[in-house]
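Peer 1: Sharing a structure, written as structure tokens. Questions coming.
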Amino acid sequence: MRILVTGGAGFIGSHLCERLIADGAEVICLDNFFTGRKANIEHLLPHPHFELVRHDVTEPILLEVDQIYNLACPASPVHYQYNPIKTVKTNVMGTINMLGLAKRVKARILQASTSEVYGDPIEHPQTEGYWGNVNPIGLRSCYDEGKRVAETLMMDYHRQSGVDTRIVRIFNTYGTRMLENDGRVVSNFIVQALRGERLTIYGDGSQTRSFCYVSDLVEGIVRLMNTEAEDIHLPVNIGNPGEFTMNELADEIGKATCRKIEIDYLPLPQDDPKQRQPNIERANALLGWEPTVPLAEGLKKTVEYFSGRTLR
Ligand code: NAD
Ligand code: UDP
């Protein structure tokens, strides 16, 4: 089995490449290194079944593969808002290019979508049937709407051209190999706590998120890719239903780092969702999947990872 992982040098992509190699697959890791790093996949480079390609998914590419995991796209608001036009291009043109490739070589393709397709959700917890509450013209739209179009493309290539597609809606995922300057809340809080800095909470800290450890996420998406079922082409939520306010998360980070936490409350970014929690009944029924790593345990591993690095 030859498998293409776009965004394979990123946080989730590098864990996925590692897992697929361990399963005995041949892996082509494709990345433009915008937020990915060679260091994330350095240990895989000597492996005879691993190949690294520097390429941008907004440009077409011809490869012979059996499966495609399309993960290429910056995931942190700081990074996807840095060049929003490029974020839209990555999600739209990148997905078209990968679907075109899948169609040509008859590969199965899985698209990394996001809980952001639900926007600032009114339905809570979010089921896959919920259409969302998304601002089409805000600062987050390049990502939220980009991913919604990516989902549309997946469904249209499936219905019109018979491409074998999968869509995973990933909820906030954290773990080792996140960038120190990633900008997402878990890495920000851990790095700030380890440096003895005050934690930056945006808004009053009452907004909620549900945090999934990366190994649970990877298990879920590999199962989704390799499952056959009548409605398997429709989106599947993968996330940990444990829901925390940012104030509660700050407390948890205090415990995981054994530091006394002090907080700076800063303005809330535009369109920041107030609440988010996945309903994972569909993933459970289709894939027999549920998360196994509780927040405290996942944070401990992530803190160990950041503690072992020299923080600038
Ligand atoms: P990440 O930023 O660490 O990884 C993204 C990777 O894609 C990086 O290696 C980056 O260099 C690469 N990339 C970006 N644009 C590219 C392009 N045009 N061509 C080729 N490579 C490109 O982020 P991540 O957290 O690993 O996210 C991976 C995927 O999962 C993304 O599609 C993201 O939208 C999705 N996702 C992640 C989360 C999460 O909480 N981590 C939540 C929802 C969805
Ligand atoms: N957040 C925060 N402090 C930070 C970074 C993020 O309070 O230093 C908040 C952010 O406003 C949001 C939540 O944490 O309410 C999750 O943010 P993140 O960027 O990790 O993910 P997303 O908003 O995309 O779910």
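By order in the structure tokens, chains are A, B, ...; within a chain, residues start at 1; ligands start at 1, following the order shown.
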Among region 107-307 of chain A, which residues does DSSP mark as alpha helix (DSSP H) when it is run on the backbone? Keep the chain and numbering as in the structure and answer as a ChimeraX atom specification.
Peer 2: /A:141-161,185-194,214-225,246-257,281-287,295-307
Peer 1: Using only C-alpha atoms, determine which residues lie at most 9 Å from region 76-89 of chain A, disregarding the query and same-chain residues fewer than 5 positions distant; provide the list as a list in words.
Peer 2: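 Once the nearby chain positions are removed, what remains is Phe34, Thr35, Thr58, Gly94, Thr95, Leu139, Arg140, Ser141, Cys142, Tyr143, Glu145, Gly146, Lys147, Asp182, Gly183 and Arg184 of chain A.
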Peer 1: Produce a file of the selected residues containing N, CA, C and O atoms, as a PDB file, in the first residue's frame.
Peer 2:
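Saved result, selection_16.pdb, follows:
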```
ATOM      1  N   PHE A  34       5.467  25.300   5.432  1.00  0.00           N
ATOM      2  CA  PHE A  34       4.997  26.587   5.963  1.00  0.00           C
ATOM      3  C   PHE A  34       4.941  26.516   7.490  1.00  0.00           C
ATOM      4  O   PHE A  34       5.566  27.324   8.185  1.00  0.00           O
ATOM      5  N   THR A  35       4.217  25.551   8.028  1.00  0.00           N
ATOM      6  CA  THR A  35       4.210  25.357   9.485  1.00  0.00           C
ATOM      7  C   THR A  35       4.793  23.998   9.863  1.00  0.00           C
ATOM      8  O   THR A  35       4.876  23.674  11.041  1.00  0.00           O
ATOM      9  N   THR A  58      -1.146  23.611  -3.847  1.00  0.00           N
ATOM     10  CA  THR A  58      -1.873  24.476  -4.782  1.00  0.00           C
ATOM     11  C   THR A  58      -1.388  24.262  -6.220  1.00  0.00           C
ATOM     12  O   THR A  58      -2.012  24.757  -7.161  1.00  0.00           O
ATOM     13  N   GLY A  94      -5.825  23.264  -3.530  1.00  0.00           N
ATOM     14  CA  GLY A  94      -5.116  22.089  -3.012  1.00  0.00           C
ATOM     15  C   GLY A  94      -6.025  20.869  -3.003  1.00  0.00           C
ATOM     16  O   GLY A  94      -5.628  19.770  -3.407  1.00  0.00           O
ATOM     17  N   THR A  95      -7.269  21.038  -2.557  1.00  0.00           N
ATOM     18  CA  THR A  95      -8.193  19.903  -2.496  1.00  0.00           C
ATOM     19  C   THR A  95      -8.582  19.453  -3.906  1.00  0.00           C
ATOM     20  O   THR A  95      -8.669  18.250  -4.178  1.00  0.00           O
ATOM     21  N   LEU A 139     -12.529  37.232   9.832  1.00  0.00           N
ATOM     22  CA  LEU A 139     -11.093  36.894   9.804  1.00  0.00           C
ATOM     23  C   LEU A 139     -10.845  35.381   9.805  1.00  0.00           C
ATOM     24  O   LEU A 139      -9.800  34.925   9.366  1.00  0.00           O
ATOM     25  N   ARG A 140     -11.810  34.611  10.331  1.00  0.00           N
ATOM     26  CA  ARG A 140     -11.638  33.154  10.362  1.00  0.00           C
ATOM     27  C   ARG A 140     -12.180  32.487   9.093  1.00  0.00           C
ATOM     28  O   ARG A 140     -12.025  31.281   8.916  1.00  0.00           O
ATOM     29  N   SER A 141     -12.838  33.278   8.229  1.00  0.00           N
ATOM     30  CA  SER A 141     -13.561  32.684   7.089  1.00  0.00           C
ATOM     31  C   SER A 141     -12.650  31.958   6.112  1.00  0.00           C
ATOM     32  O   SER A 141     -13.048  30.966   5.516  1.00  0.00           O
ATOM     33  N   CYS A 142     -11.411  32.482   5.944  1.00  0.00           N
ATOM     34  CA  CYS A 142     -10.502  31.835   4.979  1.00  0.00           C
ATOM     35  C   CYS A 142     -10.330  30.361   5.344  1.00  0.00           C
ATOM     36  O   CYS A 142     -10.237  29.505   4.467  1.00  0.00           O
ATOM     37  N   TYR A 143     -10.336  30.077   6.624  1.00  0.00           N
ATOM     38  CA  TYR A 143     -10.160  28.702   7.088  1.00  0.00           C
ATOM     39  C   TYR A 143     -11.500  27.977   7.147  1.00  0.00           C
ATOM     40  O   TYR A 143     -11.665  26.912   6.537  1.00  0.00           O
ATOM     41  N   GLU A 145     -14.555  28.706   5.870  1.00  0.00           N
ATOM     42  CA  GLU A 145     -15.232  28.552   4.576  1.00  0.00           C
ATOM     43  C   GLU A 145     -14.371  27.739   3.623  1.00  0.00           C
ATOM     44  O   GLU A 145     -14.892  26.988   2.793  1.00  0.00           O
ATOM     45  N   GLY A 146     -13.038  27.900   3.741  1.00  0.00           N
ATOM     46  CA  GLY A 146     -12.138  27.084   2.909  1.00  0.00           C
ATOM     47  C   GLY A 146     -12.386  25.609   3.155  1.00  0.00           C
ATOM     48  O   GLY A 146     -12.512  24.809   2.211  1.00  0.00           O
ATOM     49  N   LYS A 147     -12.509  25.229   4.411  1.00  0.00           N
ATOM     50  CA  LYS A 147     -12.744  23.817   4.743  1.00  0.00           C
ATOM     51  C   LYS A 147     -14.148  23.376   4.327  1.00  0.00           C
ATOM     52  O   LYS A 147     -14.367  22.217   3.968  1.00  0.00           O
ATOM     53  N   ASP A 182       3.165  28.104  17.918  1.00  0.00           N
ATOM     54  CA  ASP A 182       2.005  27.678  17.144  1.00  0.00           C
ATOM     55  C   ASP A 182       0.834  28.644  17.295  1.00  0.00           C
ATOM     56  O   ASP A 182       0.076  28.867  16.371  1.00  0.00           O
ATOM     57  N   GLY A 183       0.667  29.197  18.493  1.00  0.00           N
ATOM     58  CA  GLY A 183      -0.408  30.166  18.706  1.00  0.00           C
ATOM     59  C   GLY A 183      -1.683  29.541  19.230  1.00  0.00           C
ATOM     60  O   GLY A 183      -2.581  30.244  19.694  1.00  0.00           O
ATOM     61  N   ARG A 184      -1.786  28.194  19.185  1.00  0.00           N
ATOM     62  CA  ARG A 184      -2.997  27.572  19.722  1.00  0.00           C
ATOM     63  C   ARG A 184      -2.891  27.485  21.237  1.00  0.00           C
ATOM     64  O   ARG A 184      -1.803  27.545  21.807  1.00  0.00           O
TER      65      ARG A 184
END
```
Peer 1: Between CA of Leu44 (chain A) and atom 4 (O, counted along the ligand's line) of ligand 1, what is the distance in Å, rounded to a tenth?
Peer 2: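 Going from CA of Leu44 (chain A) over to atom 4 (O, counted along the ligand's line) of ligand 1, I get 16.9 Å.
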Peer 1: Can you tell me which residues come within 6 Å of ligand 2 when counting only C-alpha atoms and all ligand atoms, ideally as a list of chain:residue names?
Peer 2: A:Ser76, A:Pro77, A:Asn172, A:Gly183, A:Arg184, A:Val185, A:Asn188, A:Thr200, A:Ile201, A:Tyr202, A:Gln207, A:Met246, A:Leu268, A:Asp272
Peer 1: All residues within 6 Å of ligand 1 are required, counting only C-alpha atoms and all ligand atoms; please report them as a ChimeraX atom specification.
Peer 2: /A:7-13,31-36,55-58,71-75,90,112-114,170-173
Peer 1: Fewer than 4 positions away in the same chain doesn't count, so skip those; otherwise give me all residues within 7 Å of Asn237 (chain A), counting only C-alpha atoms, as a tab-separated table (two decimals) with C-alpha atoms, in the first residue's frame.
Peer 2:
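Contents of the output file selection_21.tsv:
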```
chain	number	residue	atom	x	y	z
A	128	GLU	CA	-22.50	15.91	11.85
A	168	VAL	CA	-13.05	13.77	9.05
A	169	ARG	CA	-14.11	16.78	11.13
A	170	ILE	CA	-11.22	17.13	13.55
A	278	PRO	CA	-18.11	16.84	19.54
A	280	ILE	CA	-18.94	11.18	18.58
A	283	ALA	CA	-17.48	7.63	14.92
```
Peer 1: Interatomic distance between CA of Gly24 (chain A) and CA of Gln111 (chain A)?
Peer 2: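 Here the two named atoms are 21.9 Å from each other.
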Peer 1: Using only C-alpha atoms, which residue out of A:Pro235, A:Gly132, A:Gly119, A:Pro241 lies closest to Met155 (chain A)?
Peer 2: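 Between A:Pro235, A:Gly132, A:Gly119, A:Pro241, the residue approaching Met155 (chain A) most closely is A:Pro235.
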Peer 1: Find the residues near Asp216 (chain A): any atom within 9 Å, counting only C-alpha atoms, skip ones fewer than 3 places away on the same chain, and give them as a list in words.
Peer 2: Cys212, Tyr213, Glu219, Gly220, Ile221, Ile238, Gly239, Asn240, Trp289, Glu290, Pro291, Thr292 and Val293 of chain A
Peer 1: Ranking A:Val222, A:Glu230, A:Asp120, A:Val236 by minimum distance to Ile167 (chain A) and counting only C-alpha atoms, which one comes first?
Peer 2: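 Of all the options, A:Val236 lies closest to Ile167 (chain A).
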Peer 1: Kindly give the distance, in Å, that separates CA of Asp264 (chain A) and CA of Ala193 (chain A), rounded to a single decimal.
Peer 2: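 Computing the Euclidean distance for CA of Asp264 (chain A) and CA of Ala193 (chain A) yields 12.3 Å.
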Peer 1: What's the 9 Å shell around Ile232 (chain A), counting only C-alpha atoms, without same-chain residues fewer than 5 positions away, as number ranges by chain?
Peer 2: A: 165-167, 224, 227, 286
Peer 1: Distance table requested - region 74-137 of chain A against region 158-161 of chain A, cut-off 10 Å, only C-alpha atoms: one row per qualifying residue with the closest atom pair and its distance in Å to one decimal, ordered by chain and rising residue number, as CSV.
Peer 2:
```
residue,atom,partner,partner_atom,distance
A:Leu99,CA,A:His158,CA,9.4
A:Gly100,CA,A:Ser161,CA,10.0
A:Lys103,CA,A:Ser161,CA,7.5
```
